[in-house]
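Asker: The file below is structure.txt, compact mmCIF, C-alpha atoms and all ligand atoms:
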```txt
# COMPACT_ATOMS: atom_id res chain seq x y z
CA MET A 18 99.98 74.66 84.63
CA GLN A 19 97.67 73.84 87.50
CA ILE A 20 94.41 75.70 87.92
CA VAL A 21 93.20 76.91 91.30
CA LYS A 22 89.69 77.90 92.04
CA LEU A 23 89.47 81.26 93.74
CA GLY A 24 86.30 80.90 95.70
CA ASN A 25 86.13 84.23 97.32
CA ILE A 26 87.32 87.63 96.12
CA LYS A 27 85.32 90.06 98.19
CA GLU A 28 83.15 92.35 96.14
CA HIS A 29 84.47 95.88 96.15
CA SER A 30 82.65 98.56 98.03
CA TYR A 31 81.45 101.57 96.06
CA THR A 32 84.31 103.79 97.23
CA MET A 33 86.89 101.19 96.35
CA LYS A 34 85.33 100.65 92.96
CA GLU A 35 85.66 104.38 92.27
CA SER A 36 89.29 104.43 93.43
CA LEU A 37 90.04 101.39 91.33
CA ARG A 38 88.51 102.91 88.25
CA GLY A 39 90.71 105.99 88.72
CA LEU A 40 93.75 103.84 89.30
CA LYS A 41 93.09 101.66 86.30
CA THR A 42 92.73 104.70 84.06
CA ASN A 43 95.90 106.12 85.54
CA LEU A 44 97.73 102.86 84.87
CA GLN A 45 96.54 102.71 81.31
CA PHE A 46 97.78 106.25 80.68
CA CYS A 47 101.16 105.48 82.24
CA GLY A 48 101.94 103.53 79.08
CA ASP A 49 102.95 99.95 78.56
CA ASP A 50 106.28 100.41 80.31
CA VAL A 51 104.44 100.37 83.63
CA LYS A 52 103.92 96.65 84.07
CA ALA A 53 105.21 95.64 87.46
CA ILE A 54 103.43 97.38 90.29
CA LEU A 55 103.80 96.89 93.99
CA VAL A 56 101.01 97.49 96.44
CA THR A 57 101.97 98.44 99.95
CA SER A 58 100.78 100.35 103.00
CA SER A 59 102.16 101.77 106.21
CA VAL A 60 100.86 99.17 108.61
CA PRO A 61 99.09 95.79 108.36
CA ASP A 62 95.41 95.42 107.54
CA GLU A 63 94.93 98.60 105.55
CA GLY A 64 93.62 96.56 102.65
CA LYS A 65 96.61 95.79 100.40
CA SER A 66 95.49 92.28 99.54
CA THR A 67 91.90 93.39 99.01
CA VAL A 68 93.00 96.23 96.71
CA THR A 69 95.48 94.00 94.86
CA MET A 70 92.93 91.29 94.10
CA ASN A 71 90.23 93.75 93.11
CA LEU A 72 92.56 95.74 90.88
CA ALA A 73 93.76 92.50 89.31
CA ARG A 74 90.23 91.39 88.57
CA SER A 75 89.36 94.82 87.26
CA LEU A 76 92.33 94.72 84.86
CA THR A 77 91.35 91.26 83.60
CA GLU A 78 87.90 92.65 82.87
CA SER A 79 89.64 95.07 80.48
CA GLY A 80 91.18 92.09 78.75
CA LYS A 81 94.63 92.32 80.37
CA SER A 82 96.50 89.32 81.68
CA VAL A 83 97.60 89.76 85.26
CA LEU A 84 99.93 87.87 87.55
CA VAL A 85 99.40 88.55 91.25
CA VAL A 86 102.38 87.70 93.44
CA ASP A 87 101.74 87.51 97.17
CA THR A 88 105.17 88.52 98.49
CA ASP A 89 104.05 88.90 102.07
CA MET A 90 105.82 85.81 103.34
CA ARG A 91 105.40 87.00 106.91
CA LYS A 92 101.66 87.11 106.98
CA SER A 93 100.12 85.39 104.07
CA VAL A 94 96.41 85.22 104.16
CA LEU A 95 95.53 85.02 100.49
CA ILE A 96 95.27 81.23 100.20
CA GLY A 97 92.90 81.07 103.14
CA ARG A 98 91.04 84.27 102.35
CA LEU A 99 90.42 83.36 98.73
CA ARG A 100 89.70 79.77 99.71
CA ALA A 101 92.02 78.81 96.92
CA LYS A 102 91.90 75.12 96.11
CA SER A 103 93.87 72.95 93.81
CA HIS A 104 92.91 69.48 92.65
CA GLU A 105 96.41 68.18 93.17
CA GLY A 106 96.52 68.88 96.88
CA GLU A 107 99.14 71.16 98.42
CA LEU A 108 99.62 74.61 96.93
CA TYR A 109 103.20 75.73 96.49
CA GLY A 110 104.24 79.34 96.74
CA LEU A 111 106.89 82.01 96.45
CA SER A 112 108.86 80.80 99.47
CA HIS A 113 109.17 77.33 97.91
CA TYR A 114 110.51 78.92 94.73
CA LEU A 115 112.83 81.46 96.34
CA SER A 116 114.36 78.76 98.54
CA GLY A 117 115.04 76.60 95.52
CA GLN A 118 112.58 73.85 96.42
CA LYS A 119 110.24 74.36 93.49
CA LYS A 120 110.59 75.53 89.93
CA LEU A 121 108.89 78.65 88.64
CA ASP A 122 106.26 76.79 86.65
CA GLU A 123 105.32 74.85 89.78
CA VAL A 124 104.36 77.97 91.71
CA ILE A 125 102.46 79.94 89.06
CA TYR A 126 98.80 78.95 89.07
CA ALA A 127 96.10 79.75 86.59
CA THR A 128 92.80 80.60 88.25
CA ASP A 129 89.16 80.19 87.43
CA ILE A 130 89.15 83.92 86.60
CA LYS A 131 90.14 84.30 82.98
CA LYS A 132 93.61 85.86 82.51
CA LEU A 133 94.25 86.02 86.27
CA PHE A 134 97.29 84.09 87.48
CA MET A 135 98.65 83.76 91.00
CA VAL A 136 101.82 83.08 92.90
CA PHE A 137 100.88 82.47 96.53
CA ALA A 138 103.29 83.32 99.32
CA GLY A 139 103.88 79.77 100.51
CA PRO A 140 104.78 78.92 104.10
CA SER A 141 106.24 81.77 106.11
CA VAL A 142 110.01 81.87 106.28
CA PRO A 143 112.35 83.43 108.85
CA ASN A 144 114.30 85.44 106.27
CA PRO A 145 111.96 86.86 103.63
CA THR A 146 114.05 89.93 102.81
CA GLU A 147 117.15 87.81 102.33
CA ILE A 148 115.57 85.36 99.92
CA LEU A 149 113.90 88.18 97.98
CA GLU A 150 117.34 89.56 97.28
CA LYS A 151 118.46 86.37 95.53
CA LYS A 152 118.59 85.85 91.81
CA TYR A 153 115.41 83.74 91.89
CA PHE A 154 113.18 86.74 92.45
CA GLU A 155 114.81 88.64 89.62
CA ASN A 156 114.22 85.66 87.35
CA LEU A 157 110.59 85.52 88.36
CA MET A 158 110.13 89.20 87.56
CA GLU A 159 111.86 88.86 84.21
CA PHE A 160 109.64 85.94 83.27
CA ALA A 161 106.49 87.64 84.54
CA ARG A 162 107.16 90.86 82.61
CA ASP A 163 107.58 88.81 79.50
CA GLN A 164 104.44 86.72 79.92
CA PHE A 165 101.80 89.02 81.42
CA ASP A 166 100.40 92.50 80.77
CA TYR A 167 100.60 93.37 84.46
CA VAL A 168 102.37 91.98 87.51
CA LEU A 169 100.88 93.08 90.81
CA LEU A 170 102.97 92.47 93.92
CA ASP A 171 101.14 92.35 97.20
CA CYS A 172 103.82 93.42 99.71
CA ALA A 173 104.35 93.47 103.44
CA PRO A 174 103.57 96.83 105.03
CA ILE A 175 106.55 99.08 104.67
CA ALA A 176 106.81 100.09 108.33
CA ALA A 177 107.12 96.41 109.26
CA ALA A 178 109.87 95.32 106.90
CA ILE A 179 112.10 96.49 104.13
CA ASP A 180 110.73 93.85 101.76
CA ALA A 181 108.74 96.44 99.83
CA ALA A 182 111.90 98.49 99.27
CA VAL A 183 113.72 95.41 97.96
CA ILE A 184 110.79 94.53 95.70
CA ALA A 185 110.52 98.16 94.54
CA LYS A 186 113.85 97.78 92.73
CA HIS A 187 112.15 95.40 90.32
CA CYS A 188 108.98 97.44 89.85
CA ASP A 189 107.88 100.33 87.64
CA GLY A 190 105.41 101.80 90.07
CA ALA A 191 103.89 101.61 93.51
CA ILE A 192 100.39 101.99 94.88
CA LEU A 193 100.00 103.05 98.46
CA VAL A 194 96.94 101.86 100.32
CA ILE A 195 95.92 104.17 103.11
CA SER A 196 93.20 103.16 105.50
CA GLN A 197 91.22 105.98 106.97
CA GLY A 198 92.31 106.85 110.49
CA VAL A 199 94.87 104.07 110.91
CA ALA A 200 98.37 105.35 110.26
CA SER A 201 99.37 108.88 111.20
CA ALA A 202 100.13 111.45 108.51
CA ARG A 203 103.74 111.42 109.66
CA LEU A 204 104.01 107.66 109.19
CA ILE A 205 102.40 107.84 105.75
CA ASN A 206 104.86 110.55 104.76
CA ASN A 207 107.74 108.38 105.93
CA VAL A 208 106.46 105.50 103.86
CA LYS A 209 106.18 107.76 100.84
CA LYS A 210 109.77 108.92 101.40
CA GLN A 211 111.01 105.35 101.71
CA LEU A 212 109.39 104.46 98.41
CA GLU A 213 110.88 107.53 96.76
CA ILE A 214 114.33 106.63 98.06
CA SER A 215 113.98 103.17 96.53
CA GLY A 216 113.49 104.97 93.22
CA VAL A 217 110.04 103.67 92.40
CA ARG A 218 107.40 105.93 90.97
CA ILE A 219 104.31 106.32 93.15
CA LEU A 220 101.37 105.87 90.82
CA GLY A 221 98.69 106.67 93.31
CA ALA A 222 97.12 106.04 96.65
CA VAL A 223 93.94 104.21 97.49
CA LEU A 224 92.09 105.61 100.44
CA ASN A 225 90.44 102.56 101.89
CA LYS A 226 87.76 101.94 104.47
CA VAL A 227 86.58 105.52 104.12
CA GLU A 228 83.05 104.65 105.03
CA MET A 229 84.14 104.57 108.64
CA LYS A 230 84.69 108.32 108.53
CA LYS A 231 80.98 108.85 108.29
CA ASN A 232 80.49 107.08 111.59
CA GLY A 233 83.38 108.90 113.17
CA TYR A 234 84.53 105.64 114.72
CA GLY A 235 87.34 104.84 112.33
CA TYR A 236 90.03 105.34 114.92
CA GLY A 237 88.80 102.56 117.12
CA TYR A 238 89.07 99.88 114.47
CA GLY A 239 91.55 97.08 114.97
CA TYR A 240 92.87 98.60 118.16
CA GLY A 241 93.94 95.43 119.94
CA TYR A 242 94.99 93.71 116.76
CA TYR A 243 97.60 96.28 115.88
CA GLY A 244 98.97 95.88 119.36
CA ASN A 245 99.59 92.20 118.61
CA GLU A 246 101.10 92.94 115.23
CA GLU A 247 103.43 95.37 116.84
CA ASP A 248 104.74 92.76 119.29
CA GLU A 249 105.10 90.16 116.63
CA LYS A 250 106.97 92.31 114.15
CA GLY A 251 108.76 94.65 116.50
CA LEU A 252 107.34 97.79 114.97
CA ALA A 253 109.21 100.08 117.28
CA LYS A 254 108.17 103.19 115.40
CA LEU A 255 104.52 102.39 115.50
CA LYS A 256 102.73 103.06 118.72
CA PRO A 257 99.08 102.60 117.85
CA GLU A 258 97.82 102.91 121.40
CA GLU A 259 99.51 106.27 121.73
CA GLU A 260 98.14 107.40 118.40
CA GLN A 261 94.69 106.24 119.32
CA SER A 262 94.66 107.90 122.70
CA LYS A 263 96.01 111.15 121.23
CA LYS A 264 93.18 111.11 118.73
CA ARG A 265 90.68 110.33 121.42
CA LYS A 266 91.92 113.20 123.56
CA LYS A 267 91.76 115.52 120.59
CA LYS A 268 88.25 114.40 119.81
CA ASN A 269 87.10 114.85 123.38
CA SER A 270 88.68 118.27 123.81
N1 LIG A 301 87.04 98.77 101.83
C1 LIG A 301 86.89 97.85 102.79
N2 LIG A 301 85.75 97.79 103.48
C2 LIG A 301 85.60 96.90 104.46
N3 LIG A 301 86.53 96.00 104.84
C3 LIG A 301 87.70 96.01 104.19
C4 LIG A 301 87.95 96.93 103.12
N4 LIG A 301 89.21 96.70 102.67
C5 LIG A 301 89.70 95.70 103.42
N5 LIG A 301 88.80 95.26 104.31
C6 LIG A 301 88.99 94.18 105.30
O1 LIG A 301 90.06 94.52 106.18
C7 LIG A 301 90.84 93.37 106.49
C8 LIG A 301 92.28 93.61 106.09
O2 LIG A 301 92.37 93.73 104.69
P1 LIG A 301 93.61 93.12 103.87
O3 LIG A 301 93.33 93.37 102.44
O4 LIG A 301 93.90 91.72 104.29
O5 LIG A 301 94.78 94.06 104.41
P2 LIG A 301 96.36 93.92 104.24
O6 LIG A 301 96.61 93.01 103.08
O7 LIG A 301 96.80 95.32 104.03
O8 LIG A 301 96.89 93.39 105.54
C9 LIG A 301 90.19 92.21 105.77
O9 LIG A 301 89.35 91.54 106.65
C10 LIG A 301 89.40 92.87 104.65
O10 LIG A 301 88.30 92.09 104.27
MG MG A 302 97.72 91.25 102.91
```
Take the structure I supplied and represent it as structure tokens, if you would.
Answerer:
Amino acid sequence: MQIVKLGNIKEHSYTMKESLRGLKTNLQFCGDDVKAILVTSSVPDEGKSTVTMNLARSLTESGKSVLVVDTDMRKSVLIGRLRAKSHEGELYGLSHYLSGQKKLDEVIYATDIKKLFMVFAGPSVPNPTEILEKKYFENLMEFARDQFDYVLLDCAPIAAAIDAAVIAKHCDGAILVISQGVASARLINNVKKQLEISGVRILGAVLNKVEMKKNGYGYGYGYGYYGNEEDEKGLAKLKPEEEQSKKRKKKNS
């Protein structure tokens, strides 16, 4: 098995550390039948990948072995963000495996963090939901459950794609990451409902980026960026500009 060096897992903020501690305790009390956990959110950029990596590291610090699978084959940032490097050159990922180009043992990497293993997303593909539904993914999950204490699946935001619902079928629990002042309560409730319909147990929510509340400027964050995401992914339901201006009006009134 190849080893990648993870140069850069961002240190957790105090609030996230507290949330993670709660989550970890929660997980440990859920019993050992809760092994495969998906991490999702309503919209992009709420902090799924950050929470996933920090929770993974936190679990390894308790002596657990963890496999992190980046299933967000639409927008994969983990390789770049973590500055992951392999000695052998190109890193292969989930999309290589799910499309039959690589074998399972060629896409699971050990890391320089003890007991932390990774499957990166690989190059983005036009049909992520379709390839997730194939037997390959089921095989991966079966293998991972057998080999690791925990499998954390970093998913696409649920309002953008049904990937998380497909992945949920193979998981024992879900963690919802909610970023302060980003998605509306209605949208978050919809996401919760979608997860419940898929039959997965919601283990908890991480309220992320809460420090922005103190400044009262949380609503302005990522304004233009969400606009772009919306165009790219056709998030018809999500109208961030409208949400933002409603909030602004409310605040000013
Ligand atoms: N608690 C936090 N405080 C400050 N910045 C954060 C926090 N959580 C995430 N971020 C930043 O927000 C951006 C989006 O986070 P990311 O984990 O990539 O979101 P997602 O995977 O949901 O799209 C990143 O630049 C990340 O560093
Ligand atoms: Mg992400």
Asker: Name all residues at most 8 Å from region 181-191 of chain A (count all atoms listed in the file; drop same-chain ones fewer than 5 positions away) and give them as a ChimeraX atom specification.
Answerer: /A:50-57,146,149-150,155,158,172-175,211-212,215-221
Asker: Given a cut-off of 10 Å, what residues near ligand MG 302 (chain A) show up using all atoms listed in the file, put as a count of residues only?
Answerer: 26
Asker: Nearest residue to Pro145 (chain A) out of A:Gln118, A:Gln164, A:Thr128, A:Ser112, using all atoms listed in the file?
Answerer: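 Checking each of A:Gln118, A:Gln164, A:Thr128, A:Ser112 against Pro145 (chain A), counting all atoms listed in the file, the winner is A:Ser112.
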Asker: Box for ligand LIG 301 (chain A) - axis-aligned, 8 Å on each of the six sides, all listed atoms - centre and size in Å to one decimal, as JSON.
Answerer:
```
{"center_x": 91.2, "center_y": 95.2, "center_z": 104.2, "size_x": 27.3, "size_y": 23.2, "size_z": 20.8}
```
Asker: Identify, on the basis of all atoms listed in the file, every residue whose closest approach to Val83 (chain A) does not exceed 12 Å; exclude the query and any residue fewer than 4 positions from it along the same chain; express the result as an MDAnalysis selection string.
Answerer: chainID A and resid 52:54 69:79 125:128 130:136 161:170
Asker: Rounded to one decimal in Å, what is the spacing between CA of Leu157 (chain A) and CA of Thr42 (chain A)?
Answerer: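 Computing the Euclidean distance for CA of Leu157 (chain A) and CA of Thr42 (chain A) yields 26.6 Å.
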Asker: My list of candidates is A:Ser82, A:Ser116, A:Asn225, A:Ser196. Which is closest to ligand LIG 301 (chain A) when distances are computed with all atoms listed in the file?
Answerer: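 So, comparing all the options, the nearest one is A:Asn225.
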Asker: Let me make sure I understand: among A:Asn156, A:Gln45, A:Asn206, A:Gln197, which one has the smallest atom-to-atom distance to ligand LIG 301 (chain A) if we use all atoms listed in the file?
Answerer: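 Answer, going by the shortest atom-to-atom distance: A:Gln197.
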Asker: Could you jot down the atom C4 of ligand LIG 301 (chain A) to CA of Glu35 (chain A) separation for me, Å, one decimal place?
Answerer: 13.4 Å
Asker: Please indicate the distance in Å from CA of Ile195 (chain A) to CA of Val223 (chain A), rounded to one decimal place.
Answerer: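 CA of Val223 (chain A) lies at a distance of 6.0 Å from CA of Ile195 (chain A).
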Asker: List as a PyMOL selection string the residues having at least one atom at most 10 Å from position (109.3, 78.5, 95.7) as given in the file, counting all atoms listed in the file.
Answerer: chain A and resi 109-125+136-140+153-154
Asker: Go through A:Glu159, A:Lys226, A:Ile20, A:Ile179 and flag the residue nearest ligand LIG 301 (chain A), using all atoms listed in the file for the distances.
Answerer: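 That would be A:Lys226, the residue with the smallest distance to ligand LIG 301 (chain A).
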Asker: Reconstruct region 69-92 of chain A at the level of N, CA and C atoms, and format the result as a CSV table (one decimal), in the coordinates of the input.
Answerer:
```
chain,number,residue,atom,x,y,z
A,69,THR,N,94.7,94.7,95.9
A,69,THR,CA,95.5,94.0,94.9
A,69,THR,C,94.6,93.1,94.1
A,70,MET,N,93.8,92.3,94.8
A,70,MET,CA,92.9,91.3,94.1
A,70,MET,C,91.8,92.0,93.3
A,71,ASN,N,91.3,93.0,93.8
A,71,ASN,CA,90.2,93.8,93.1
A,71,ASN,C,90.8,94.5,91.9
A,72,LEU,N,91.9,95.1,92.0
A,72,LEU,CA,92.6,95.7,90.9
A,72,LEU,C,92.9,94.7,89.8
A,73,ALA,N,93.4,93.6,90.3
A,73,ALA,CA,93.8,92.5,89.3
A,73,ALA,C,92.5,92.1,88.5
A,74,ARG,N,91.5,91.8,89.2
A,74,ARG,CA,90.2,91.4,88.6
A,74,ARG,C,89.7,92.5,87.6
A,75,SER,N,89.8,93.7,88.1
A,75,SER,CA,89.4,94.8,87.3
A,75,SER,C,90.2,94.9,86.0
A,76,LEU,N,91.5,94.7,86.1
A,76,LEU,CA,92.3,94.7,84.9
A,76,LEU,C,92.0,93.6,83.9
A,77,THR,N,91.7,92.4,84.5
A,77,THR,CA,91.4,91.3,83.6
A,77,THR,C,90.0,91.5,82.9
A,78,GLU,N,89.2,92.3,83.5
A,78,GLU,CA,87.9,92.6,82.9
A,78,GLU,C,88.1,93.6,81.7
A,79,SER,N,89.3,94.3,81.7
A,79,SER,CA,89.6,95.1,80.5
A,79,SER,C,90.5,94.3,79.5
A,80,GLY,N,90.5,93.0,79.7
A,80,GLY,CA,91.2,92.1,78.8
A,80,GLY,C,92.7,91.9,79.0
A,81,LYS,N,93.2,92.4,80.1
A,81,LYS,CA,94.6,92.3,80.4
A,81,LYS,C,94.9,91.0,81.1
A,82,SER,N,96.1,90.5,80.9
A,82,SER,CA,96.5,89.3,81.7
A,82,SER,C,97.3,89.8,82.9
A,83,VAL,N,97.0,89.3,84.0
A,83,VAL,CA,97.6,89.8,85.3
A,83,VAL,C,98.2,88.6,86.1
A,84,LEU,N,99.4,88.8,86.6
A,84,LEU,CA,99.9,87.9,87.6
A,84,LEU,C,100.0,88.6,88.9
A,85,VAL,N,99.3,88.0,89.9
A,85,VAL,CA,99.4,88.6,91.2
A,85,VAL,C,100.4,87.7,92.0
A,86,VAL,N,101.4,88.4,92.6
A,86,VAL,CA,102.4,87.7,93.4
A,86,VAL,C,102.2,88.1,94.9
A,87,ASP,N,101.9,87.2,95.7
A,87,ASP,CA,101.7,87.5,97.2
A,87,ASP,C,103.1,87.4,97.8
A,88,THR,N,103.8,88.6,98.0
A,88,THR,CA,105.2,88.5,98.5
A,88,THR,C,105.2,88.7,100.0
A,89,ASP,N,104.1,88.7,100.6
A,89,ASP,CA,104.0,88.9,102.1
A,89,ASP,C,104.3,87.5,102.7
A,90,MET,N,105.5,87.1,102.8
A,90,MET,CA,105.8,85.8,103.3
A,90,MET,C,105.9,85.8,104.9
A,91,ARG,N,105.5,87.0,105.4
A,91,ARG,CA,105.4,87.0,106.9
A,91,ARG,C,104.0,86.7,107.3
A,92,LYS,N,103.1,87.3,106.6
A,92,LYS,CA,101.7,87.1,107.0
A,92,LYS,C,100.9,86.9,105.7
```
